[in-house]
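Listing of my_file16.tsv; format and content: TSV, C-alpha atoms.
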```
chain	number	residue	atom	x	y	z
M	198	MET	CA	28.80	90.37	85.13
M	199	VAL	CA	28.49	89.23	88.74
M	200	ASN	CA	30.59	86.22	89.71
M	201	SER	CA	28.07	83.54	90.74
M	202	HIS	CA	30.64	81.94	93.05
M	203	MET	CA	30.54	85.09	95.18
M	204	MET	CA	26.75	85.12	95.37
M	205	ALA	CA	25.01	84.23	98.61
M	206	ILE	CA	22.07	83.10	96.47
M	207	PRO	CA	23.04	82.05	92.92
M	208	ILE	CA	20.60	82.36	90.04
M	209	MET	CA	20.71	78.64	89.26
M	210	VAL	CA	22.23	75.48	90.71
M	211	PRO	CA	21.85	72.50	88.33
M	212	THR	CA	20.59	69.28	89.88
M	213	VAL	CA	21.69	66.15	88.01
M	214	PRO	CA	21.09	62.66	89.47
M	215	LYS	CA	23.85	61.39	91.73
M	216	PHE	CA	25.99	58.45	90.71
M	217	GLU	CA	24.10	56.05	93.00
M	218	HIS	CA	20.89	56.76	91.06
M	219	TYR	CA	22.26	56.01	87.59
M	220	LYS	CA	24.78	53.32	88.49
M	221	LYS	CA	22.32	50.59	87.53
M	222	TYR	CA	22.18	52.03	84.03
M	223	LEU	CA	25.97	52.28	83.81
M	224	ASP	CA	26.13	48.60	84.79
M	225	GLN	CA	23.93	47.86	81.78
M	226	ILE	CA	26.34	49.79	79.56
M	227	ASP	CA	29.22	47.64	80.86
M	228	GLU	CA	27.20	44.52	80.15
M	229	ASN	CA	25.97	45.62	76.72
M	230	ARG	CA	29.33	47.08	75.60
M	231	ILE	CA	27.40	49.59	73.53
M	232	TYR	CA	28.29	53.21	74.21
M	233	SER	CA	26.56	55.21	71.47
M	234	ASN	CA	25.02	54.64	68.00
M	235	PHE	CA	21.37	54.30	69.08
M	236	GLY	CA	22.03	51.77	71.84
M	237	PRO	CA	19.57	49.96	74.12
M	238	LEU	CA	19.50	52.67	76.80
M	239	ASN	CA	18.69	55.21	74.12
M	240	ASP	CA	15.86	52.94	72.97
M	241	LEU	CA	14.59	52.64	76.55
M	242	LEU	CA	14.73	56.41	76.98
M	243	ILE	CA	12.70	56.92	73.80
M	244	PHE	CA	10.12	54.34	74.96
M	245	ARG	CA	9.69	56.01	78.34
M	246	LEU	CA	9.47	59.46	76.77
M	247	SER	CA	6.84	58.17	74.35
M	248	GLU	CA	4.71	57.02	77.29
M	249	TYR	CA	5.00	60.40	79.01
M	250	LEU	CA	4.42	62.46	75.89
M	251	GLY	CA	1.65	60.21	74.62
M	252	VAL	CA	3.15	59.59	71.18
M	253	ASN	CA	4.45	56.58	69.27
M	254	PRO	CA	8.19	55.85	69.71
M	255	ASP	CA	8.55	56.26	65.94
M	256	ASN	CA	7.71	59.93	66.48
M	257	ILE	CA	10.71	60.55	68.77
M	258	CYS	CA	14.46	60.61	68.42
M	259	THR	CA	17.32	61.84	70.58
M	260	VAL	CA	20.21	64.15	69.68
M	261	SER	CA	23.39	65.07	71.56
M	262	ASN	CA	22.03	68.52	72.44
M	263	ALA	CA	18.96	70.64	71.78
M	264	THR	CA	20.74	73.22	69.62
M	265	LEU	CA	21.85	70.48	67.23
M	266	ALA	CA	18.30	69.13	67.33
M	267	LEU	CA	17.03	72.47	66.03
M	268	GLN	CA	19.82	72.64	63.48
M	269	GLY	CA	19.08	69.12	62.27
M	270	LEU	CA	15.37	69.80	61.90
M	271	ILE	CA	16.02	72.85	59.77
M	272	ALA	CA	18.59	70.99	57.67
M	273	THR	CA	16.33	67.97	57.09
M	274	SER	CA	13.11	69.90	56.47
M	275	SER	CA	14.10	69.68	52.80
M	276	CYS	CA	12.53	66.23	52.85
M	277	PHE	CA	9.25	68.19	52.54
M	278	GLU	CA	10.39	71.35	50.76
M	279	ASP	CA	13.61	73.34	50.60
M	280	PHE	CA	12.88	76.39	52.74
M	281	ASP	CA	15.44	79.15	52.21
M	282	SER	CA	13.87	81.43	54.81
M	283	TRP	CA	12.41	80.91	58.29
M	284	SER	CA	10.63	83.32	60.59
M	285	LEU	CA	11.34	83.19	64.32
M	286	PRO	CA	10.98	85.41	67.38
M	287	SER	CA	13.89	87.55	68.49
M	288	TRP	CA	12.60	86.94	72.04
M	289	THR	CA	14.39	83.64	72.59
M	290	PHE	CA	17.67	82.21	73.76
M	291	THR	CA	20.45	82.66	71.21
M	292	ALA	CA	20.54	78.91	70.44
M	293	THR	CA	17.32	79.18	68.42
M	294	ALA	CA	18.76	81.74	66.03
M	295	ALA	CA	22.21	80.10	66.06
M	296	ALA	CA	20.75	76.84	64.80
M	297	LEU	CA	19.22	78.65	61.84
M	298	GLY	CA	22.42	80.53	61.06
M	299	GLN	CA	24.54	77.39	61.21
M	300	VAL	CA	22.62	75.79	58.34
M	301	GLN	CA	22.91	79.02	56.37
M	302	ARG	CA	19.21	79.79	56.08
M	303	LEU	CA	17.84	83.31	56.08
M	304	GLY	CA	16.06	84.34	59.26
M	305	THR	CA	13.39	86.97	59.82
M	306	PHE	CA	12.78	88.12	63.38
M	307	VAL	CA	9.11	88.69	64.26
M	308	ASP	CA	7.60	90.41	67.26
M	309	ILE	CA	5.72	88.83	70.17
M	310	ASP	CA	2.34	89.35	71.80
M	311	ASP	CA	1.59	90.15	75.45
M	312	ASN	CA	2.12	86.48	76.35
M	313	TRP	CA	5.64	86.53	74.87
M	314	ARG	CA	4.59	84.32	71.95
M	315	ALA	CA	5.71	85.00	68.39
M	316	VAL	CA	3.27	86.67	66.01
M	317	PHE	CA	3.86	85.23	62.54
M	318	PRO	CA	2.60	86.76	59.28
M	319	ASP	CA	0.08	84.55	57.49
M	320	ILE	CA	2.32	84.34	54.42
M	321	GLU	CA	5.27	82.69	56.16
M	322	PRO	CA	5.50	79.01	55.08
M	323	ALA	CA	8.24	77.89	57.50
M	324	ILE	CA	8.41	79.07	61.11
M	325	ILE	CA	10.34	78.44	64.31
M	326	ASP	CA	8.13	79.10	67.32
M	327	VAL	CA	9.38	79.31	70.92
M	328	ALA	CA	7.59	78.21	74.10
M	329	PRO	CA	9.30	80.71	76.45
M	330	PHE	CA	10.57	79.62	79.86
M	331	GLY	CA	8.67	76.33	79.97
M	332	ASP	CA	5.35	77.36	78.43
M	333	SER	CA	2.94	74.99	76.67
M	334	ILE	CA	2.21	74.83	72.95
M	335	ASP	CA	-0.90	75.53	70.90
M	336	ILE	CA	-0.65	74.37	67.30
M	337	GLU	CA	-3.83	76.21	66.27
M	338	ARG	CA	-2.30	79.61	67.01
M	339	LEU	CA	0.38	78.94	64.36
M	340	GLY	CA	-2.14	78.99	61.52
M	341	LYS	CA	-1.58	77.14	58.26
M	342	ARG	CA	2.10	76.52	57.45
M	343	LYS	CA	4.20	74.18	55.40
M	344	ALA	CA	6.50	73.32	58.31
M	345	ALA	CA	6.84	74.39	61.93
M	346	ILE	CA	9.52	73.80	64.55
M	347	ILE	CA	8.83	74.72	68.18
M	348	ASP	CA	11.72	75.30	70.58
M	349	CYS	CA	10.36	73.84	73.84
M	350	ALA	CA	13.74	73.47	75.55
M	351	PRO	CA	12.54	73.75	79.21
M	352	SER	CA	8.88	72.75	78.70
M	353	PHE	CA	8.91	69.11	79.80
M	354	ASP	CA	6.14	69.58	82.37
M	355	ALA	CA	3.91	71.41	79.90
M	356	LEU	CA	4.28	68.68	77.25
M	357	ARG	CA	2.75	65.66	78.98
M	358	ASN	CA	0.42	64.00	76.44
M	359	VAL	CA	1.33	66.68	73.91
M	360	LYS	CA	-0.92	67.05	70.87
M	361	LEU	CA	0.85	67.72	67.58
M	362	VAL	CA	-2.28	67.66	65.42
M	363	ALA	CA	-1.71	69.60	62.21
M	364	SER	CA	-2.09	69.11	58.45
M	365	TYR	CA	1.61	69.94	58.00
M	366	PRO	CA	4.81	68.61	59.62
M	367	VAL	CA	5.44	69.92	63.13
M	368	ALA	CA	8.41	69.12	65.37
M	369	ILE	CA	9.23	70.18	68.92
M	370	VAL	CA	12.59	70.14	70.68
M	371	ILE	CA	13.16	69.43	74.38
M	372	SER	CA	16.48	70.04	76.11
M	373	LEU	CA	18.17	67.55	78.44
M	374	HIS	CA	20.80	70.07	79.52
M	375	ALA	CA	21.89	70.03	83.17
M	376	THR	CA	19.81	73.15	83.87
M	377	LYS	CA	16.54	71.73	82.54
M	378	LEU	CA	13.79	69.62	84.13
M	379	ILE	CA	15.04	66.23	82.87
M	380	PRO	CA	18.80	66.69	82.98
M	381	ALA	CA	21.16	64.28	81.25
M	382	GLY	CA	24.14	66.59	81.61
M	383	GLU	CA	23.59	67.33	77.93
M	384	GLY	CA	21.17	66.10	75.29
M	385	GLY	CA	18.10	66.85	73.23
M	386	VAL	CA	14.84	65.21	72.18
M	387	VAL	CA	12.88	65.70	68.96
M	388	VAL	CA	9.17	64.88	68.77
M	389	SER	CA	7.26	65.19	65.50
M	390	ASN	CA	3.93	64.29	63.97
M	391	SER	CA	5.98	63.09	60.97
M	392	PRO	CA	7.85	59.79	61.44
M	393	ASN	CA	9.60	60.58	58.15
M	394	TRP	CA	11.09	63.77	59.63
M	395	ILE	CA	12.25	61.76	62.64
M	396	GLN	CA	13.99	59.24	60.39
M	397	GLU	CA	15.68	62.04	58.45
M	398	ILE	CA	17.05	63.79	61.53
M	399	LYS	CA	18.16	60.44	62.92
M	400	LYS	CA	20.13	59.86	59.71
M	401	TRP	CA	21.42	63.45	59.83
M	402	SER	CA	22.75	62.84	63.36
M	403	ASN	CA	24.63	59.81	62.02
M	404	PHE	CA	26.55	61.39	59.10
M	405	GLY	CA	23.55	61.14	56.76
M	406	PHE	CA	24.11	57.39	56.61
M	407	SER	CA	21.76	55.09	54.76
M	408	LYS	CA	21.57	51.43	55.71
M	409	GLU	CA	24.56	50.85	53.44
M	410	ARG	CA	26.62	53.34	55.48
M	411	ASN	CA	26.70	55.77	52.60
M	412	SER	CA	26.19	59.43	53.38
M	413	ASP	CA	23.07	60.17	51.36
M	414	PHE	CA	23.24	63.83	52.34
M	415	LEU	CA	25.43	66.12	54.43
M	416	GLY	CA	24.98	65.12	58.08
M	417	THR	CA	27.04	65.24	61.23
M	418	ASN	CA	27.75	63.25	64.37
M	419	ALA	CA	25.06	64.31	66.84
M	420	LYS	CA	24.02	61.05	68.46
M	421	LEU	CA	23.15	60.87	72.16
M	422	SER	CA	25.61	58.67	74.03
M	423	GLU	CA	24.47	55.78	76.21
M	424	PHE	CA	26.03	57.59	79.19
M	425	SER	CA	23.79	60.62	78.67
M	426	ALA	CA	20.83	58.30	78.19
M	427	ALA	CA	21.66	56.65	81.52
M	428	ILE	CA	21.53	59.96	83.37
M	429	ALA	CA	18.34	60.98	81.55
M	430	LEU	CA	16.70	57.71	82.61
M	431	ALA	CA	17.68	58.36	86.23
M	432	SER	CA	16.19	61.84	85.90
M	433	LEU	CA	12.94	60.32	84.67
M	434	ASP	CA	12.98	57.98	87.67
M	435	SER	CA	12.89	61.00	90.01
M	436	TRP	CA	10.75	63.29	87.87
M	437	GLU	CA	7.48	63.08	89.80
M	438	SER	CA	9.23	63.78	93.11
M	439	ASN	CA	11.27	66.64	91.64
M	440	ARG	CA	8.18	68.03	89.94
M	441	LYS	CA	6.40	68.32	93.28
M	442	THR	CA	9.38	70.21	94.72
M	443	PHE	CA	9.49	72.51	91.68
M	444	LEU	CA	5.77	73.24	92.05
M	445	ASP	CA	6.08	73.90	95.79
M	446	LEU	CA	8.87	76.37	95.07
M	447	ARG	CA	6.84	77.83	92.22
M	448	GLN	CA	4.00	78.61	94.59
M	449	LYS	CA	6.39	80.56	96.81
M	450	THR	CA	7.77	82.57	93.91
M	451	LEU	CA	4.29	83.43	92.64
M	452	GLU	CA	3.15	84.52	96.10
M	453	ILE	CA	6.22	86.73	96.53
M	454	SER	CA	5.86	88.24	93.07
M	455	HIS	CA	2.17	88.99	93.52
M	456	ILE	CA	2.80	90.62	96.92
M	457	PHE	CA	4.73	93.29	95.01
M	458	ASN	CA	2.12	93.45	92.20
M	459	LEU	CA	4.52	91.82	89.79
M	460	LYS	CA	3.69	89.04	87.38
M	461	CYS	CA	5.94	86.18	86.34
M	462	SER	CA	6.45	84.57	82.94
M	463	PRO	CA	3.26	83.16	81.35
M	464	ALA	CA	4.47	79.59	81.97
M	465	GLU	CA	4.81	80.27	85.69
M	466	GLU	CA	1.46	82.04	85.90
M	467	LYS	CA	-0.17	78.99	84.30
M	468	GLY	CA	1.29	76.80	87.03
M	469	PHE	CA	3.79	74.74	85.05
M	470	ALA	CA	6.97	73.43	86.61
M	471	THR	CA	9.84	75.34	85.02
M	472	PRO	CA	13.49	75.87	85.98
M	473	TYR	CA	13.07	79.67	86.01
M	474	TRP	CA	11.70	82.52	88.09
M	475	VAL	CA	11.24	85.37	85.63
M	476	LEU	CA	9.67	88.60	86.88
M	477	ARG	CA	7.69	90.87	84.58
M	478	THR	CA	8.37	94.30	86.03
M	479	ASN	CA	6.47	97.49	85.25
M	480	SER	CA	9.35	99.42	83.71
M	481	LYS	CA	13.02	99.27	82.83
M	482	THR	CA	13.73	101.61	85.75
M	483	GLN	CA	12.01	99.24	88.16
M	484	SER	CA	13.81	96.24	86.70
M	485	ASP	CA	17.18	97.97	87.01
M	486	ARG	CA	16.43	98.98	90.59
M	487	ILE	CA	15.53	95.41	91.58
M	488	MET	CA	18.66	94.07	89.91
M	489	GLU	CA	20.86	96.63	91.68
M	490	LYS	CA	19.33	96.09	95.13
M	491	LEU	CA	19.48	92.29	94.91
M	492	SER	CA	23.10	92.48	93.82
M	493	GLN	CA	23.88	94.55	96.91
M	494	HIS	CA	22.48	91.66	98.95
M	495	SER	CA	24.59	89.12	97.00
M	496	ILE	CA	21.51	87.77	95.24
M	497	GLN	CA	22.22	86.97	91.62
M	498	THR	CA	19.84	88.04	88.86
M	499	ARG	CA	20.00	87.58	85.12
M	500	LYS	CA	18.55	89.02	81.95
M	501	TRP	CA	18.06	85.55	80.53
M	502	TRP	CA	17.63	86.61	76.90
M	503	GLY	CA	19.48	89.89	77.00
M	504	GLU	CA	18.06	92.56	74.72
M	505	GLY	CA	16.76	90.03	72.21
M	506	CYS	CA	18.59	88.20	69.45
M	507	HIS	CA	18.06	91.08	67.02
M	508	LYS	CA	20.54	93.15	69.05
M	509	MET	CA	23.28	90.50	68.82
M	510	PRO	CA	26.03	91.01	66.21
M	511	ALA	CA	25.86	87.35	65.15
M	512	TYR	CA	22.42	87.93	63.61
M	513	ALA	CA	23.00	91.29	61.95
M	514	ASN	CA	22.12	89.76	58.57
M	515	PHE	CA	18.71	88.51	59.74
M	516	LEU	CA	15.72	90.48	58.51
M	517	ARG	CA	13.36	91.93	61.08
M	518	SER	CA	9.93	93.40	61.51
M	519	LYS	CA	9.00	96.05	64.08
M	520	LEU	CA	9.95	94.56	67.47
M	521	SER	CA	8.44	96.98	69.99
M	522	LYS	CA	6.97	94.29	72.29
M	523	THR	CA	10.18	92.30	72.12
M	524	GLU	CA	12.13	95.32	73.31
M	525	LEU	CA	9.59	95.95	76.08
M	526	ALA	CA	9.93	92.33	77.25
M	527	ALA	CA	13.72	92.65	77.22
M	528	GLU	CA	13.58	95.82	79.33
M	529	THR	CA	11.07	94.53	81.90
M	530	SER	CA	11.95	90.85	82.40
M	531	LEU	CA	14.34	89.79	85.12
M	532	GLY	CA	15.41	86.33	86.24
M	533	LEU	CA	15.62	85.68	89.98
M	534	PRO	CA	17.18	82.68	91.75
M	535	PHE	CA	15.27	79.45	91.22
M	536	HIS	CA	16.53	75.92	91.80
M	537	LEU	CA	15.91	72.87	93.96
M	538	HIS	CA	18.45	73.98	96.57
M	539	LEU	CA	16.65	77.15	97.68
M	540	GLN	CA	15.87	77.33	101.40
M	541	GLU	CA	13.28	79.31	103.33
M	542	ARG	CA	15.97	81.73	104.51
M	543	ASP	CA	16.83	82.46	100.85
M	544	PHE	CA	13.27	83.54	100.15
M	545	VAL	CA	13.33	85.75	103.27
M	546	LEU	CA	16.45	87.51	101.97
M	547	ILE	CA	14.92	87.93	98.51
M	548	VAL	CA	11.74	89.42	99.97
M	549	GLU	CA	13.77	91.85	102.11
M	550	ALA	CA	15.76	92.98	99.07
M	551	LEU	CA	12.59	93.39	96.97
M	552	GLU	CA	11.01	95.46	99.73
M	553	GLN	CA	13.99	97.80	99.68
M	554	ALA	CA	13.96	98.03	95.90
M	555	LEU	CA	10.23	98.72	95.61
M	556	LYS	CA	9.52	100.83	98.69
```

Produce structure tokens that represent the structure in this file.
Amino acid sequence: MVNSHMMAIPIMVPTVPKFEHYKKYLDQIDENRIYSNFGPLNDLLIFRLSEYLGVNPDNICTVSNATLALQGLIATSSCFEDFDSWSLPSWTFTATAAALGQVQRLGTFVDIDDNWRAVFPDIEPAIIDVAPFGDSIDIERLGKRKAAIIDCAPSFDALRNVKLVASYPVAIVISLHATKLIPAGEGGVVVSNSPNWIQEIKKWSNFGFSKERNSDFLGTNAKLSEFSAAIALASLDSWESNRKTFLDLRQKTLEISHIFNLKCSPAEEKGFATPYWVLRTNSKTQSDRIMEKLSQHSIQTRKWWGEGCHKMPAYANFLRSKLSKTELAAETSLGLPFHLHLQERDFVLIVEALEQALK
């Protein structure tokens, strides 16, 4: 593992609003004297997110982080049916599978298609889809299910006016982690076409409390604090400006990638703002060569999702189908530096290193 502090160009530099941009919200916290427990800043955040996403506020709730949001959705899906088993792609960040394991449900890893999207058997009633690296969603491709959760952690740009039209309950999760597009330091958002599911996960995040403060079912404490809501609101204030910068940088990364006849992740190729630059190389040998040469130039790279969750010891008890395309994606994907602090000279150095690696 390369020490990012020694890198001339680090893989990622989180950009969270400065104090001066969220001070006005902190002043409201001082005035309200409400610090958590679904406070007024949380309500404001939900209202503003509802306008952006094009859904009713009753279809949104916040959670202290996106992994707990996934965990809570799985745990509370019993309000429709008690699903013992869920299918999910191995090609995802470990948090997706960890959420399933934490609620002690059986997981089955499925393979992906050429666009890195999970291919689910028709017989699977409950699924966890993943929109990789900021991609959009398409409910129709999921087929007919009894419940579906979609991990959309970095997909904020791709979810404007999102359509969750389905005959069954669907929920998506957005991350507010410091490395994502709307950073709150930490936090998560759940959006569902089922207001009932939203109410259940809201109760789950508050110890399973009913109005009488009785725990109706086993919940936890996963509420978003007013302080995190304040930073998220400041991030929303600057979103359009930051989005333009992300897209300008995205154009540079696409141009560089295409010069070397390399594609990027599907989300990037579609033109969405994402917090990643993920190359799709032509072979494992080529990927390894790029990684080695960039490291020699103190340019950090990362295999964002490693070899796939199915190779991780934590998920040894998960079932799995044939995962040939997952393993190909793991061998040929490579994350390059991408963040709002990149300068023109950084891109020049990256191009020089790529030229040496691919000559």

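Between CA of Met509 (chain M) and CA of Ser275 (chain M) the separation is 27.8 Å.
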
Write out as a PDB file with C-alpha atoms, in the coordinates of the input which residues come within 10 Å of region 532-549 of chain M when counting only C-alpha atoms, dropping same-chain ones fewer than 5 positions away.
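File out19.pdb, as written:
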```pdb
ATOM      1  CA  ALA M 205      25.010  84.230  98.610  1.00  0.00           C
ATOM      2  CA  ILE M 206      22.070  83.100  96.470  1.00  0.00           C
ATOM      3  CA  PRO M 207      23.040  82.050  92.920  1.00  0.00           C
ATOM      4  CA  ILE M 208      20.600  82.360  90.040  1.00  0.00           C
ATOM      5  CA  MET M 209      20.710  78.640  89.260  1.00  0.00           C
ATOM      6  CA  VAL M 210      22.230  75.480  90.710  1.00  0.00           C
ATOM      7  CA  PRO M 211      21.850  72.500  88.330  1.00  0.00           C
ATOM      8  CA  THR M 212      20.590  69.280  89.880  1.00  0.00           C
ATOM      9  CA  THR M 376      19.810  73.150  83.870  1.00  0.00           C
ATOM     10  CA  ASN M 439      11.270  66.640  91.640  1.00  0.00           C
ATOM     11  CA  ARG M 440       8.180  68.030  89.940  1.00  0.00           C
ATOM     12  CA  THR M 442       9.380  70.210  94.720  1.00  0.00           C
ATOM     13  CA  PHE M 443       9.490  72.510  91.680  1.00  0.00           C
ATOM     14  CA  LEU M 446       8.870  76.370  95.070  1.00  0.00           C
ATOM     15  CA  ARG M 447       6.840  77.830  92.220  1.00  0.00           C
ATOM     16  CA  LYS M 449       6.390  80.560  96.810  1.00  0.00           C
ATOM     17  CA  THR M 450       7.770  82.570  93.910  1.00  0.00           C
ATOM     18  CA  ILE M 453       6.220  86.730  96.530  1.00  0.00           C
ATOM     19  CA  SER M 454       5.860  88.240  93.070  1.00  0.00           C
ATOM     20  CA  ILE M 456       2.800  90.620  96.920  1.00  0.00           C
ATOM     21  CA  PHE M 457       4.730  93.290  95.010  1.00  0.00           C
ATOM     22  CA  CYS M 461       5.940  86.180  86.340  1.00  0.00           C
ATOM     23  CA  SER M 462       6.450  84.570  82.940  1.00  0.00           C
ATOM     24  CA  THR M 471       9.840  75.340  85.020  1.00  0.00           C
ATOM     25  CA  PRO M 472      13.490  75.870  85.980  1.00  0.00           C
ATOM     26  CA  TYR M 473      13.070  79.670  86.010  1.00  0.00           C
ATOM     27  CA  TRP M 474      11.700  82.520  88.090  1.00  0.00           C
ATOM     28  CA  VAL M 475      11.240  85.370  85.630  1.00  0.00           C
ATOM     29  CA  LEU M 476       9.670  88.600  86.880  1.00  0.00           C
ATOM     30  CA  ARG M 477       7.690  90.870  84.580  1.00  0.00           C
ATOM     31  CA  ILE M 487      15.530  95.410  91.580  1.00  0.00           C
ATOM     32  CA  MET M 488      18.660  94.070  89.910  1.00  0.00           C
ATOM     33  CA  LYS M 490      19.330  96.090  95.130  1.00  0.00           C
ATOM     34  CA  LEU M 491      19.480  92.290  94.910  1.00  0.00           C
ATOM     35  CA  HIS M 494      22.480  91.660  98.950  1.00  0.00           C
ATOM     36  CA  SER M 495      24.590  89.120  97.000  1.00  0.00           C
ATOM     37  CA  ILE M 496      21.510  87.770  95.240  1.00  0.00           C
ATOM     38  CA  GLN M 497      22.220  86.970  91.620  1.00  0.00           C
ATOM     39  CA  THR M 498      19.840  88.040  88.860  1.00  0.00           C
ATOM     40  CA  ARG M 499      20.000  87.580  85.120  1.00  0.00           C
ATOM     41  CA  LYS M 500      18.550  89.020  81.950  1.00  0.00           C
ATOM     42  CA  TRP M 501      18.060  85.550  80.530  1.00  0.00           C
ATOM     43  CA  TRP M 502      17.630  86.610  76.900  1.00  0.00           C
ATOM     44  CA  ALA M 554      13.960  98.030  95.900  1.00  0.00           C
TER      45      ALA M 554
END
```

>> Neighbouring residues of Ala527 (chain M) were defined as those with any atom within 7 Å, considering only C-alpha atoms; residues of the same chain fewer than 6 positions away were excluded. Please report them as a PyMOL selection string.
In response: chain M and resi 503-505

> Could you name the residues that touch Asn393 (chain M) at 10 Å or less, counting all atoms listed in the file, but leaving out those on the same chain fewer than 4 positions away, as a count of residues only?
Replying inline: 9

> Looking at M:Asp326, M:Asp413, M:Asp279, M:Glu321, which one is nearest to Arg338 (chain M), with distances taken over all atoms listed in the file?
Replying inline: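 Of M:Asp326, M:Asp413, M:Asp279, M:Glu321, the one nearest Arg338 (chain M) is M:Asp326, counting all atoms listed in the file.
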
>> Report, in Å to a single decimal, how far apart CA of Ile336 (chain M) and CA of Gly304 (chain M) are.
In response: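 Value for the CA of Gly304 (chain M)-CA of Ile336 (chain M) distance: 21.1 Å.
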
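Taking CA of Gly269 (chain M) as the reference point, CA of Asn358 (chain M) is found at 24.0 Å.
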
Select all residues near (7.9, 82.9, 67.9) (cut-off 9 Å, inclusive, file coordinates), counting all atoms listed in the file, and output them as a PDB file with C-alpha atoms, in the coordinates of the input.
```
ATOM      1  CA  SER M 284      10.630  83.320  60.590  1.00  0.00           C
ATOM      2  CA  LEU M 285      11.340  83.190  64.320  1.00  0.00           C
ATOM      3  CA  PRO M 286      10.980  85.410  67.380  1.00  0.00           C
ATOM      4  CA  SER M 287      13.890  87.550  68.490  1.00  0.00           C
ATOM      5  CA  TRP M 288      12.600  86.940  72.040  1.00  0.00           C
ATOM      6  CA  THR M 289      14.390  83.640  72.590  1.00  0.00           C
ATOM      7  CA  PHE M 306      12.780  88.120  63.380  1.00  0.00           C
ATOM      8  CA  VAL M 307       9.110  88.690  64.260  1.00  0.00           C
ATOM      9  CA  ASP M 308       7.600  90.410  67.260  1.00  0.00           C
ATOM     10  CA  ILE M 309       5.720  88.830  70.170  1.00  0.00           C
ATOM     11  CA  TRP M 313       5.640  86.530  74.870  1.00  0.00           C
ATOM     12  CA  ARG M 314       4.590  84.320  71.950  1.00  0.00           C
ATOM     13  CA  ALA M 315       5.710  85.000  68.390  1.00  0.00           C
ATOM     14  CA  VAL M 316       3.270  86.670  66.010  1.00  0.00           C
ATOM     15  CA  PHE M 317       3.860  85.230  62.540  1.00  0.00           C
ATOM     16  CA  ILE M 324       8.410  79.070  61.110  1.00  0.00           C
ATOM     17  CA  ILE M 325      10.340  78.440  64.310  1.00  0.00           C
ATOM     18  CA  ASP M 326       8.130  79.100  67.320  1.00  0.00           C
ATOM     19  CA  VAL M 327       9.380  79.310  70.920  1.00  0.00           C
ATOM     20  CA  ALA M 328       7.590  78.210  74.100  1.00  0.00           C
ATOM     21  CA  PRO M 329       9.300  80.710  76.450  1.00  0.00           C
ATOM     22  CA  ILE M 347       8.830  74.720  68.180  1.00  0.00           C
ATOM     23  CA  ASP M 348      11.720  75.300  70.580  1.00  0.00           C
TER      24      ASP M 348
END
```

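Of the listed residues M:Ala470, M:Ile395, M:Ile371, M:Val388, the one whose atoms come nearest to Gly251 (chain M) is M:Val388, with distances taken using only C-alpha atoms.
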
Centre, x/y/z edge lengths, axis-aligned box for region 211-221 of chain M with 3 Å per side, as lines of an AutoDock Vina configuration file:
```
center_x = 23.3
center_y = 61.5
center_z = 90.3
size_x = 11.4
size_y = 27.9
size_z = 11.5
```

> Between M:Leu433, M:Ala526, M:Leu516, M:Leu242, which one has atoms that come closest to Lys481 (chain M), using only C-alpha atoms?
Replying inline: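 Smallest distance to Lys481 (chain M) is found for M:Ala526.
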
>> Let me make sure I understand: among M:Leu421, M:Val213, M:Ala375, M:Ala344, which one has the smallest atom-to-atom distance to Ala363 (chain M) if we use all atoms listed in the file?
In response: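 Between M:Leu421, M:Val213, M:Ala375, M:Ala344, the residue approaching Ala363 (chain M) most closely is M:Ala344.
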
>> as an NGL selection string, please: the residues near Phe469 (chain M) (cut-off 8 Å, all atoms listed in the file, same-chain neighbours under 5 positions excluded).
In response: :M and (331-332 or 354-355 or 444 or 464)
